[in-house]
Every structure is written in structure tokens, then in C-alpha cells.
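So this block is input-v3.csv, CSV, C-alpha atoms (C1' of nucleotides):
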chain,number,residue,atom,x,y,z
R,1244,MET,CA,0.0,0.0,0.0
R,1245,GLN,CA,1.8,3.1,-1.2
R,1246,ASP,CA,1.5,6.4,0.7
R,1247,SER,CA,0.9,8.5,-2.4
R,1248,LEU,CA,-1.5,8.1,-5.3
R,1249,THR,CA,-1.3,9.1,-8.9
R,1250,ILE,CA,-4.1,11.2,-10.3
R,1251,GLY,CA,-5.5,8.1,-12.0
R,1252,GLU,CA,-5.6,6.1,-8.7
R,1253,LEU,CA,-7.1,9.0,-6.8
R,1254,ALA,CA,-9.7,9.2,-9.6
R,1255,ALA,CA,-10.5,5.5,-9.4
R,1256,ARG,CA,-10.7,5.5,-5.6
R,1257,SER,CA,-12.8,8.7,-5.3
R,1258,GLY,CA,-15.0,8.2,-8.3
R,1259,VAL,CA,-14.1,11.7,-9.5
R,1260,ALA,CA,-12.7,12.3,-13.0
R,1261,PRO,CA,-9.0,13.2,-13.3
R,1262,SER,CA,-10.0,16.5,-15.0
R,1263,ALA,CA,-12.1,17.4,-12.0
R,1264,LEU,CA,-9.3,16.6,-9.7
R,1265,ARG,CA,-6.9,18.9,-11.6
R,1266,TYR,CA,-9.6,21.5,-11.4
R,1267,TYR,CA,-9.9,21.1,-7.7
R,1268,GLU,CA,-6.2,21.4,-7.4
R,1269,ARG,CA,-6.2,24.6,-9.3
R,1270,LEU,CA,-8.8,26.0,-7.0
R,1271,GLY,CA,-6.7,24.9,-4.0
R,1272,LEU,CA,-9.2,22.4,-2.7
R,1273,ILE,CA,-6.7,19.6,-2.8
R,1274,GLN,CA,-2.9,19.5,-2.9
R,1275,ALA,CA,-0.3,17.4,-4.7
R,1276,GLU,CA,3.4,16.9,-4.6
R,1277,ARG,CA,5.3,16.5,-7.9
R,1278,THR,CA,7.6,13.7,-9.0
R,1279,SER,CA,10.9,14.3,-10.8
R,1280,ILE,CA,9.0,14.1,-14.1
R,1281,ASN,CA,6.4,16.5,-12.9
R,1282,GLN,CA,3.5,14.1,-12.2
R,1283,ARG,CA,1.1,14.7,-9.4
R,1284,ARG,CA,1.4,12.5,-6.3
R,1285,PHE,CA,-1.5,12.8,-3.8
R,1286,ALA,CA,-1.0,12.0,-0.2
R,1287,ARG,CA,-3.6,9.5,0.9
R,1288,HIS,CA,-5.4,11.9,3.1
R,1289,GLN,CA,-6.3,13.9,0.1
R,1290,LEU,CA,-8.8,11.1,-0.6
R,1291,ARG,CA,-10.7,12.3,2.4
R,1292,ARG,CA,-10.7,15.8,1.1
R,1293,VAL,CA,-12.2,14.6,-2.1
R,1294,SER,CA,-14.9,12.7,-0.3
R,1295,PHE,CA,-15.6,15.7,1.7
R,1296,ILE,CA,-16.0,17.8,-1.4
R,1297,ARG,CA,-18.4,15.5,-3.1
R,1298,ILE,CA,-20.5,15.1,0.0
R,1299,ALA,CA,-20.5,18.9,0.6
R,1300,GLN,CA,-21.8,19.4,-3.0
R,1301,GLN,CA,-24.7,17.0,-2.2
R,1302,VAL,CA,-25.7,19.2,0.6
R,1303,GLY,CA,-25.7,22.2,-1.7
R,1304,LEU,CA,-22.5,24.0,-1.1
R,1305,SER,CA,-20.5,25.6,-3.9
R,1306,LEU,CA,-16.8,24.8,-4.4
R,1307,ASP,CA,-16.1,28.3,-3.1
R,1308,GLU,CA,-17.8,27.6,0.2
R,1309,ILE,CA,-16.2,24.2,0.4
R,1310,ALA,CA,-12.8,25.8,-0.1
R,1311,GLY,CA,-13.5,28.0,2.8
R,1312,ALA,CA,-14.3,25.1,5.0
R,1313,LEU,CA,-11.3,23.1,3.9
R,1314,ALA,CA,-9.0,26.1,4.4
R,1315,SER,CA,-9.3,25.4,8.1
R,1316,LEU,CA,-7.5,22.1,7.7
R,1317,PRO,CA,-3.7,22.0,8.1
R,1318,GLN,CA,-1.6,22.2,4.9
R,1319,GLY,CA,1.4,20.1,5.6
R,1320,ARG,CA,0.3,17.3,7.8
R,1321,THR,CA,-2.5,14.8,7.7
R,1322,PRO,CA,-5.5,16.2,9.5
R,1323,THR,CA,-6.2,14.9,12.9
R,1324,LYS,CA,-9.6,13.8,14.3
R,1325,LYS,CA,-9.8,17.1,16.0
R,1326,ASP,CA,-9.3,18.9,12.7
R,1327,TRP,CA,-12.2,17.0,11.1
R,1328,ALA,CA,-14.3,17.4,14.1
R,1329,ARG,CA,-14.0,21.1,14.1
R,1330,LEU,CA,-15.0,21.1,10.4
R,1331,SER,CA,-17.9,18.8,11.0
R,1332,ALA,CA,-19.4,21.1,13.6
R,1333,ARG,CA,-20.2,23.9,11.1
R,1334,TRP,CA,-21.2,21.1,8.8
R,1335,GLN,CA,-23.7,19.6,11.2
R,1336,SER,CA,-25.8,22.7,11.5
R,1337,ARG,CA,-25.9,23.1,7.7
R,1338,ILE,CA,-27.2,19.6,7.3
R,1339,ASP,CA,-29.7,20.2,10.1
R,1340,GLU,CA,-31.0,23.2,8.3
R,1341,GLN,CA,-31.3,21.4,5.0
R,1342,ILE,CA,-33.2,18.5,6.6
R,1343,ALA,CA,-35.5,20.9,8.3
R,1344,LEU,CA,-36.2,22.6,5.0
R,1345,LEU,CA,-37.1,19.3,3.4
R,1346,GLU,CA,-39.2,18.2,6.3
R,1347,ARG,CA,-41.1,21.4,6.2
R,1348,LEU,CA,-41.6,20.9,2.5
R,1349,ARG,CA,-42.7,17.4,3.0
R,1350,SER,CA,-45.4,18.2,5.5
R,1351,ARG,CA,-46.6,21.1,3.4
R,1352,LEU,CA,-46.9,18.8,0.4
R,1353,THR,CA,-49.1,16.4,2.3
R,1354,GLY,CA,-51.2,19.2,3.7
R,1355,CYS,CA,-51.1,21.7,1.0
R,1356,ILE,CA,-50.4,20.4,-2.5
R,1357,GLY,CA,-53.2,18.0,-1.6
R,1358,CYS,CA,-55.5,21.0,-1.6
R,1359,GLY,CA,-54.0,22.6,-4.6
R,1360,CYS,CA,-52.6,25.7,-3.0
R,1361,LEU,CA,-48.9,25.4,-3.6
R,1362,SER,CA,-48.6,29.2,-3.7
R,1363,LEU,CA,-49.3,29.1,0.0
R,1364,ARG,CA,-50.0,32.7,0.2
R,1365,ARG,CA,-53.7,32.5,-0.6
R,1366,CYS,CA,-54.3,29.1,1.0
R,1367,ARG,CA,-57.0,29.3,3.6
R,1368,ILE,CA,-55.7,26.3,5.5
R,1369,VAL,CA,-52.1,27.6,5.9
R,1370,ASN,CA,-52.8,31.3,5.8
R,1371,PRO,CA,-56.4,31.9,6.8
R,1372,THR,CA,-56.3,35.7,7.0
R,1373,ASP,CA,-54.2,36.1,3.8
R,1374,THR,CA,-51.6,38.3,5.4
R,1375,LEU,CA,-48.5,37.0,3.8
R,1376,ALA,CA,-48.8,38.7,0.5
R,1377,ASP,CA,-47.6,41.9,2.1
R,1378,GLU,CA,-44.5,40.5,3.7
R,1379,GLY,CA,-42.6,39.9,0.4
R,1380,PRO,CA,-42.3,37.6,-2.5
R,1381,GLY,CA,-41.7,33.9,-2.8
R,1382,PRO,CA,-42.7,30.8,-0.9
R,1383,ARG,CA,-41.5,32.2,2.4
R,1384,GLN,CA,-43.4,30.0,4.7
R,1385,LEU,CA,-41.5,27.1,3.3
R,1386,LEU,CA,-38.1,28.5,2.8
R,1387,HIS,CA,-37.7,30.5,6.0
R,1388,GLU,CA,-39.4,28.6,8.7
D,791,MET,CA,-58.5,40.9,-8.0
D,792,GLN,CA,-57.8,40.2,-11.6
D,793,ASP,CA,-57.8,36.7,-13.0
D,794,SER,CA,-54.5,37.2,-14.9
D,795,LEU,CA,-51.2,38.7,-14.0
D,796,THR,CA,-48.6,40.7,-16.0
D,797,ILE,CA,-45.1,39.4,-15.9
D,798,GLY,CA,-44.2,42.1,-13.4
D,799,GLU,CA,-47.0,41.1,-11.1
D,800,LEU,CA,-46.1,37.4,-11.4
D,801,ALA,CA,-42.5,38.3,-10.7
D,802,ALA,CA,-43.4,40.3,-7.6
D,803,ARG,CA,-45.7,37.6,-6.2
D,804,SER,CA,-43.4,34.7,-6.9
D,805,GLY,CA,-40.1,36.4,-6.1
D,806,VAL,CA,-38.8,35.3,-9.4
D,807,ALA,CA,-37.2,37.8,-11.9
D,808,PRO,CA,-39.2,38.6,-15.0
D,809,SER,CA,-36.2,37.4,-17.1
D,810,ALA,CA,-36.4,34.1,-15.4
D,811,LEU,CA,-40.1,33.8,-16.0
D,812,ARG,CA,-39.6,34.5,-19.7
D,813,TYR,CA,-36.9,31.8,-19.6
D,814,TYR,CA,-39.4,29.4,-18.0
D,815,GLU,CA,-42.0,30.1,-20.6
D,816,ARG,CA,-39.5,29.4,-23.4
D,817,LEU,CA,-38.8,26.1,-21.8
D,818,GLY,CA,-42.5,25.4,-21.5
D,819,LEU,CA,-42.5,25.3,-17.7
D,820,ILE,CA,-45.2,28.0,-17.6
D,821,GLN,CA,-47.7,29.3,-20.1
D,822,ALA,CA,-49.0,32.7,-20.9
D,823,GLU,CA,-51.7,34.2,-23.1
D,824,ARG,CA,-51.0,37.4,-25.0
D,825,THR,CA,-52.9,40.7,-25.0
D,826,SER,CA,-53.7,42.7,-28.1
D,827,ILE,CA,-50.4,44.5,-27.8
D,828,ASN,CA,-48.5,41.2,-27.3
D,829,GLN,CA,-47.9,41.4,-23.6
D,830,ARG,CA,-48.0,38.2,-21.6
D,831,ARG,CA,-50.9,37.6,-19.2
D,832,PHE,CA,-50.5,34.7,-16.8
D,833,ALA,CA,-53.4,32.9,-15.4
D,834,ARG,CA,-53.3,32.9,-11.6
D,835,HIS,CA,-52.7,29.2,-11.3
D,836,GLN,CA,-49.3,29.8,-13.1
D,837,LEU,CA,-48.2,31.2,-9.8
D,838,ARG,CA,-48.5,27.7,-8.3
D,839,ARG,CA,-46.4,26.3,-11.1
D,840,VAL,CA,-43.7,28.9,-10.4
D,841,SER,CA,-43.7,28.0,-6.7
D,842,PHE,CA,-43.5,24.4,-7.6
D,843,ILE,CA,-40.5,25.1,-9.8
D,844,ARG,CA,-38.6,27.0,-7.1
D,845,ILE,CA,-39.2,24.4,-4.5
D,846,ALA,CA,-38.3,21.6,-6.9
D,847,GLN,CA,-35.0,23.3,-7.5
D,848,GLN,CA,-34.4,23.4,-3.7
D,849,VAL,CA,-34.8,19.6,-3.7
D,850,GLY,CA,-32.1,19.3,-6.4
D,851,LEU,CA,-34.1,18.8,-9.5
D,852,SER,CA,-33.0,20.4,-12.8
D,853,LEU,CA,-35.5,22.4,-14.9
D,854,ASP,CA,-35.5,19.5,-17.3
D,855,GLU,CA,-36.8,17.1,-14.7
D,856,ILE,CA,-39.2,19.7,-13.4
D,857,ALA,CA,-40.6,20.1,-16.9
D,858,GLY,CA,-41.2,16.4,-17.0
D,859,ALA,CA,-43.1,16.6,-13.8
D,860,LEU,CA,-45.1,19.6,-14.8
D,861,ALA,CA,-46.0,18.0,-18.2
D,862,SER,CA,-48.4,15.8,-16.4
D,863,LEU,CA,-50.5,18.8,-15.4
D,864,PRO,CA,-53.4,19.8,-17.8
D,865,GLN,CA,-52.7,22.5,-20.3
D,866,GLY,CA,-55.9,24.4,-20.7
D,867,ARG,CA,-57.6,24.3,-17.3
D,868,THR,CA,-56.6,25.1,-13.8
D,869,PRO,CA,-55.1,22.0,-12.2
D,870,THR,CA,-57.4,20.3,-9.7
D,871,LYS,CA,-56.4,19.0,-6.3
D,872,LYS,CA,-56.2,15.6,-7.9
D,873,ASP,CA,-53.7,16.9,-10.5
D,874,TRP,CA,-51.4,18.3,-7.8
D,875,ALA,CA,-51.9,15.3,-5.6
D,876,ARG,CA,-50.7,13.0,-8.4
D,877,LEU,CA,-47.7,15.2,-8.8
D,878,SER,CA,-46.9,15.3,-5.1
D,879,ALA,CA,-46.8,11.5,-4.9
D,880,ARG,CA,-43.6,11.2,-7.1
D,881,TRP,CA,-42.5,14.3,-5.3
D,882,GLN,CA,-42.9,12.8,-1.9
D,883,SER,CA,-40.6,9.9,-2.4
D,884,ARG,CA,-37.9,12.2,-3.9
D,885,ILE,CA,-38.0,14.3,-0.8
D,886,ASP,CA,-37.9,11.2,1.4
D,887,GLU,CA,-34.8,10.0,-0.4
D,888,GLN,CA,-33.1,13.3,-0.1
D,889,ILE,CA,-33.9,13.5,3.7
D,890,ALA,CA,-32.6,10.0,4.1
D,891,LEU,CA,-29.4,10.9,2.4
D,892,LEU,CA,-28.9,13.8,4.6
D,893,GLU,CA,-29.7,11.9,7.8
D,894,ARG,CA,-27.3,9.2,6.8
D,895,LEU,CA,-24.7,11.9,6.2
D,896,ARG,CA,-25.4,13.5,9.6
D,897,SER,CA,-25.1,10.2,11.5
D,898,ARG,CA,-21.9,9.4,9.7
D,899,LEU,CA,-20.5,12.8,10.5
D,900,THR,CA,-21.0,12.3,14.2
D,901,GLY,CA,-19.7,8.8,14.1
D,902,CYS,CA,-17.1,9.1,11.4
D,903,ILE,CA,-15.8,12.5,10.8
D,904,GLY,CA,-15.2,12.5,14.5
D,905,CYS,CA,-12.7,9.7,14.0
D,906,GLY,CA,-11.2,11.3,10.9
D,907,CYS,CA,-12.2,8.7,8.4
D,908,LEU,CA,-14.3,10.6,5.9
D,909,SER,CA,-13.1,8.3,3.2
D,910,LEU,CA,-15.2,5.6,4.9
D,911,ARG,CA,-13.6,2.8,2.9
D,912,ARG,CA,-10.7,2.2,5.3
D,913,CYS,CA,-12.5,3.1,8.4
D,914,ARG,CA,-12.3,0.3,11.0
D,915,ILE,CA,-15.5,1.5,12.7
D,916,VAL,CA,-17.7,1.6,9.7
D,917,ASN,CA,-15.9,-1.0,7.6
D,918,PRO,CA,-13.9,-3.3,9.9
D,919,THR,CA,-12.9,-5.8,7.2
D,920,ASP,CA,-12.1,-3.2,4.5
D,921,THR,CA,-14.2,-4.9,1.9
D,922,LEU,CA,-15.6,-1.9,0.2
D,923,ALA,CA,-12.6,-0.8,-1.9
D,924,ASP,CA,-13.4,-3.6,-4.4
D,925,GLU,CA,-17.1,-2.6,-4.9
D,926,GLY,CA,-16.4,0.6,-6.8
D,927,PRO,CA,-15.4,4.2,-6.4
D,928,GLY,CA,-16.9,7.0,-4.4
D,929,PRO,CA,-18.4,7.3,-0.9
D,930,ARG,CA,-21.0,4.6,-1.7
D,931,GLN,CA,-22.0,3.8,1.9
D,932,LEU,CA,-23.2,7.3,2.2
D,933,LEU,CA,-24.8,7.9,-1.2
D,934,HIS,CA,-26.5,4.6,-1.8
D,935,GLU,CA,-27.6,3.4,1.6
G,15,DC,C1',12.7,0.8,-31.9
G,16,DT,C1',7.9,1.2,-31.7
G,17,DG,C1',3.9,1.5,-29.9
G,18,DC,C1',1.0,2.0,-25.7
G,19,DG,C1',-0.8,3.9,-21.5
G,20,DA,C1',-0.6,7.3,-18.2
G,21,DG,C1',0.7,11.6,-17.2
G,22,DT,C1',1.5,17.0,-18.4
G,23,DT,C1',-0.2,21.9,-20.1
G,24,DG,C1',-3.1,25.9,-21.6
G,25,DA,C1',-6.9,27.1,-24.1
G,26,DA,C1',-11.2,26.5,-25.6
G,27,DG,C1',-15.8,24.3,-25.4
G,28,DT,C1',-20.1,22.7,-22.8
G,29,DT,C1',-24.3,22.8,-19.9
G,30,DC,C1',-27.3,24.9,-16.8
G,31,DA,C1',-29.8,28.7,-15.3
G,32,DC,C1',-30.2,32.7,-15.9
G,33,DT,C1',-29.1,38.1,-16.7
G,34,DT,C1',-28.0,41.9,-19.5
G,35,DC,C1',-28.4,44.6,-23.4
G,36,DA,C1',-30.0,47.3,-27.3
G,37,DA,C1',-33.7,48.6,-29.7
G,38,DC,C1',-38.3,49.0,-30.0
G,39,DA,C1',-43.8,49.6,-28.6
G,40,DC,C1',-47.5,51.3,-26.0
G,41,DA,C1',-50.3,53.8,-22.2
G,42,DA,C1',-50.8,57.3,-18.9
G,43,DG,C1',-49.5,61.7,-16.6
G,44,DG,C1',-47.9,66.4,-16.5
M,437,DC,C1',-45.5,66.5,-26.9
M,438,DC,C1',-42.4,64.5,-23.9
M,439,DT,C1',-41.2,61.5,-20.2
M,440,DT,C1',-41.7,57.6,-17.4
M,441,DG,C1',-42.9,53.0,-16.7
M,442,DT,C1',-43.8,48.6,-18.3
M,443,DG,C1',-43.7,45.6,-21.6
M,444,DT,C1',-41.5,43.1,-26.1
M,445,DT,C1',-37.6,40.7,-28.9
M,446,DG,C1',-33.2,38.2,-30.1
M,447,DA,C1',-28.6,37.9,-29.2
M,448,DA,C1',-24.9,37.9,-26.3
M,449,DG,C1',-22.8,37.6,-21.7
M,450,DT,C1',-22.1,35.3,-17.0
M,451,DG,C1',-20.6,32.1,-13.5
M,452,DA,C1',-20.2,27.6,-11.8
M,453,DA,C1',-18.2,23.2,-12.6
M,454,DC,C1',-16.3,20.7,-15.4
M,455,DT,C1',-14.8,18.3,-20.0
M,456,DT,C1',-12.4,18.1,-24.3
M,457,DC,C1',-8.6,18.9,-27.2
M,458,DA,C1',-4.1,19.2,-29.2
M,459,DA,C1',0.5,18.8,-28.4
M,460,DC,C1',3.7,17.1,-25.6
M,461,DT,C1',6.8,13.8,-22.2
M,462,DC,C1',7.8,9.4,-19.8
M,463,DG,C1',8.5,4.5,-18.6
M,464,DC,C1',7.7,0.0,-20.0
M,465,DA,C1',6.4,-4.3,-22.9
M,466,DG,C1',7.2,-6.8,-26.9
Would you put the structure from the file into C-alpha cells?
Amino acid sequence: MQDSLTIGELAARSGVAPSALRYYERLGLIQAERTSINQRRFARHQLRRVSFIRIAQQVGLSLDEIAGALASLPQGRTPTKKDWARLSARWQSRIDEQIALLERLRSRLTGCIGCGCLSLRRCRIVNPTDTLADEGPGPRQLLHE
Amino acid sequence: MQDSLTIGELAARSGVAPSALRYYERLGLIQAERTSINQRRFARHQLRRVSFIRIAQQVGLSLDEIAGALASLPQGRTPTKKDWARLSARWQSRIDEQIALLERLRSRLTGCIGCGCLSLRRCRIVNPTDTLADEGPGPRQLLHE
DNA sequence: CTGCGAGTTGAAGTTCACTTCAACACAAGG
DNA sequence: CCTTGTGTTGAAGTGAACTTCAACTCGCAG
């Protein structure tokens, strides 16, 4: 088991295309050493970074935001449990929010799409007095609690 | 209360820019009649479609997929409760999946980022016998149950 | 020696979801 | 009559996240 991976190996293990990995490196999301003939060699812990990136994208973060999160990890050494734990804290609340949004959406769908009032604003069940139209545009009840 | 909205009114009520609404119309996601001087007039139930579109995007659907879903709604008449209910069924399971993904992610974060093994594949807690590396690339445990 | 596979680069192309722009039309108010 | 506001169009621009391409370099197998 080598302690560094070629770009092809990292691609195979992470399920991310080599071109995407080069792109991530350009953005500073992952780092690589170079061999004498200028090929990238990725330390194994970079695999964790790649996993982190893909999962973060699933949760709806941009590469820019992800870069911000990853910036708090140490550059030279393999991140410790503590490093990841610190990251996962900010992480945690983001996921909680996202889950809350979806659950709100789900409950509204049962109660509200059923009655045909997806606009929510004029729905007599959800908004009997029709006050929301003044508060601003968009499906606010759903998106912001 | 008029029974049709100008593009500006629809934009104000939905929180979506007029340019985006024109774009949606071009893609066939919403429909408009035209006045004698060629201005768009949107039936009020189009507002529901716009809400649906924005919420669908939050759940991670592309406009293409959303178009597919909306295609099952009737063209000429205002959709009935039944129409929306049919739509919300497919909808429901999509949201459930997404929530499940996030919850899986959350529990892994507590149990696994904490120990520094986001790659999951070589984590002794989650994968004691290290069998996953052969099954394919990517954070599979997380993404596909 | 001759491929072949895997790597390198910079530049350009692609898709998605819009936005911006220029040029125009019309209706109402001062 | 002129301005302002709101609408119209097609074409082009934008930003994010990549992918594709052409031209190149290595190391290795036959």
C-alpha cells in the first residue's frame, strides 16, 4: 500500500474524474506533490478531502464555500480527528437546516399540495387571513421557517 | 382581484425575476396568453407552477426534470387538487430519499468525521474488514444506503 | 525501436440557469 | 409633446463546474 496516489488512482478511488481533480487542485481544494518528471502525487489523506468535497456538494455547497471550510484544515500534515471534528461542527448545522427545510416541504406537500394551493400565500388552510402577500415575494413559509 | 397577471406582477408575487419567468416560458414550464399588444398575461394558477419550480430546485431537480413533472398537469384548465396530488406523490418519495441521504450523512458525520475517516472505505469502525474498496469508487456507503 | 498507456499543459468548449443589453412599442400623466 | 414605466424581442454575456482537445513527455512491454 503506497503512501501516495497518482491522479488516476485517486480518480478511481474517489470516483471523480482526473480532469475534475486537476480542477480542484487549481482551486486549492486539494494539494499534490510532484515527482521528478512533474507528475502529481497525492497523499492518501487527500482522498478524504475529495470525499468531503463530493458530499458537501450534495448538501448544496459551492466549491467556493467548500474551499472556505477546507481552508481550516492543516496544509502540511494529515488532518487529525480534531481537525475534522472542528469542520464537522459547522457542517452539522448546515445539514440540520437542509433537513429541516425538506421536512417542512414534505409536511406542506401532504397538507397543501393536496388542496391545490402550492402558492401558500392565498391558502385558507395555511394562511387563513391572507396576510402573507404583504411580507414579500416567494414561498417564504416554506423556505424560511 | 384580476384573474390574470402581468409578468411584473407574477414576478413580484413569486419572487422570481421577469427574465427568469420568460426563460421558464421558453422552456415550456409555464404558459401565458397574449394581450392585443402582445404582452404576456399569466393565469393565476401559473403562480403555483412557479412556486413548484422553485421548491423543486431546492430539492435538487433540474429544470428539465421539473418540466417532466409539470408536463403531467393539464394545459388548458386550472389544475385540480387531484392533479397536484398525483404530482406530489412522485415528489414525496424524492424528498424522502433526499432526507434519508442527509440523515445518513449526519449520523456518519457524528460517528465518522469525528474519527477522521471521511473516506469511509478504510474506516475500521464503519468497515472493519475493509471490503468496500473492491465494490467501486466514491463514498458509496453514504450515497446509496 | 515502436507503440501503448498514463501523465502534463493551456486554451477552448459545454451545460445549466439565468441576466444583461440594445432597440423597440405602447399607455398614462404632466 | 415628452417623459416615465412597463412591456416586447433576439442575441450575447455570466458564473459555476467541469470536459475536451491538441500537443507534448515518460516509462515500459514486446
Could you write out as a PyMOL selection string the residues of chain D within 10 Å of chain M, counting only C-alpha atoms (C1' of nucleotides)? chain D and resi 796-798+827-830
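Between CA of Ser1305 in chain R and CA of Ala1260 in chain R the separation is 17.9 Å.
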Define the interface residues of chain G facing chain R as those within 9 Å, counting only C-alpha atoms (C1' of nucleotides), and report them as a CSV table (one decimal) with C-alpha atoms (C1' of nucleotides), in the frame of the given file.
chain,number,residue,atom,x,y,z
G,20,DA,C1',-0.6,7.3,-18.2
G,21,DG,C1',0.7,11.6,-17.2
G,22,DT,C1',1.5,17.0,-18.4
note - CA of Arg1284 in chain R and CA of Ile1296 in chain R are separated by 18.8 Å
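Candidate residues R:Ala1312, R:Leu1290, R:Leu1306, R:Ala1263 were compared for distance to chain D, and the nearest is R:Leu1290, using all atoms listed in the file.
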Leaving out Leu1330 in chain R and any residue of its chain fewer than 4 positions from it, which residues lie within 9 Å of it when counting all atoms listed in the file, given as a PyMOL selection string? (chain R and resi 1312-1313+1315-1316+1325-1326+1334-1335) or (chain D and resi 903)
Report, in Å to a single decimal, how far apart CA of Ala833 in chain D and CA of Leu811 in chain D are.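 Between these atoms lies a distance of 13.3 Å.
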Nearest residue to chain D from the set R:Leu1304, R:Ile1273, R:Ala1255, R:Ala1314 (distances using all atoms listed in the file): R:Ala1255
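Proximity ranking of R:Leu1270, R:Ala1254, R:Leu1248, R:Ile1342 relative to Gln848 in chain D places R:Ile1342 first, based on all atoms listed in the file.
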Which residue of D:Arg834, D:Arg812, D:Arg880, D:Lys871 approaches chain R most closely, using only C-alpha atoms: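 Of D:Arg834, D:Arg812, D:Arg880, D:Lys871, the one nearest chain R, counting only C-alpha atoms, is D:Lys871.
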Pick from R:Val1302, R:Leu1345, R:Val1293, R:Ala1310 nearest to Ser1257 in chain R, counting all atoms listed in the file: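 Among the listed residues, R:Val1293 lies closest to Ser1257 in chain R.
Residue nearest chain R, chosen from D:Thr868, D:Tyr814, D:Ser878, D:Arg894 and counting all atoms listed in the file: D:Ser878.
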Export chain G of the preceding structure, keeping C-alpha atoms (C1' of nucleotides), as a PDB file, in the first residue's frame.
ATOM      1  C1'  DC G  15      12.651   0.798 -31.872  1.00  0.00           C
ATOM      2  C1'  DT G  16       7.933   1.160 -31.653  1.00  0.00           C
ATOM      3  C1'  DG G  17       3.937   1.517 -29.852  1.00  0.00           C
ATOM      4  C1'  DC G  18       0.969   2.000 -25.678  1.00  0.00           C
ATOM      5  C1'  DG G  19      -0.775   3.858 -21.550  1.00  0.00           C
ATOM      6  C1'  DA G  20      -0.615   7.323 -18.237  1.00  0.00           C
ATOM      7  C1'  DG G  21       0.726  11.624 -17.226  1.00  0.00           C
ATOM      8  C1'  DT G  22       1.466  17.031 -18.377  1.00  0.00           C
ATOM      9  C1'  DT G  23      -0.206  21.865 -20.086  1.00  0.00           C
ATOM     10  C1'  DG G  24      -3.119  25.910 -21.608  1.00  0.00           C
ATOM     11  C1'  DA G  25      -6.903  27.106 -24.109  1.00  0.00           C
ATOM     12  C1'  DA G  26     -11.220  26.480 -25.583  1.00  0.00           C
ATOM     13  C1'  DG G  27     -15.758  24.266 -25.351  1.00  0.00           C
ATOM     14  C1'  DT G  28     -20.126  22.684 -22.777  1.00  0.00           C
ATOM     15  C1'  DT G  29     -24.273  22.752 -19.915  1.00  0.00           C
ATOM     16  C1'  DC G  30     -27.276  24.929 -16.836  1.00  0.00           C
ATOM     17  C1'  DA G  31     -29.849  28.681 -15.316  1.00  0.00           C
ATOM     18  C1'  DC G  32     -30.204  32.740 -15.865  1.00  0.00           C
ATOM     19  C1'  DT G  33     -29.106  38.057 -16.685  1.00  0.00           C
ATOM     20  C1'  DT G  34     -27.972  41.914 -19.453  1.00  0.00           C
ATOM     21  C1'  DC G  35     -28.379  44.645 -23.392  1.00  0.00           C
ATOM     22  C1'  DA G  36     -29.972  47.304 -27.251  1.00  0.00           C
ATOM     23  C1'  DA G  37     -33.726  48.598 -29.745  1.00  0.00           C
ATOM     24  C1'  DC G  38     -38.322  48.966 -29.981  1.00  0.00           C
ATOM     25  C1'  DA G  39     -43.842  49.564 -28.630  1.00  0.00           C
ATOM     26  C1'  DC G  40     -47.468  51.287 -26.001  1.00  0.00           C
ATOM     27  C1'  DA G  41     -50.350  53.834 -22.204  1.00  0.00           C
ATOM     28  C1'  DA G  42     -50.818  57.314 -18.883  1.00  0.00           C
ATOM     29  C1'  DG G  43     -49.503  61.664 -16.594  1.00  0.00           C
ATOM     30  C1'  DG G  44     -47.903  66.421 -16.527  1.00  0.00           C
TER      31       DG G  44
END
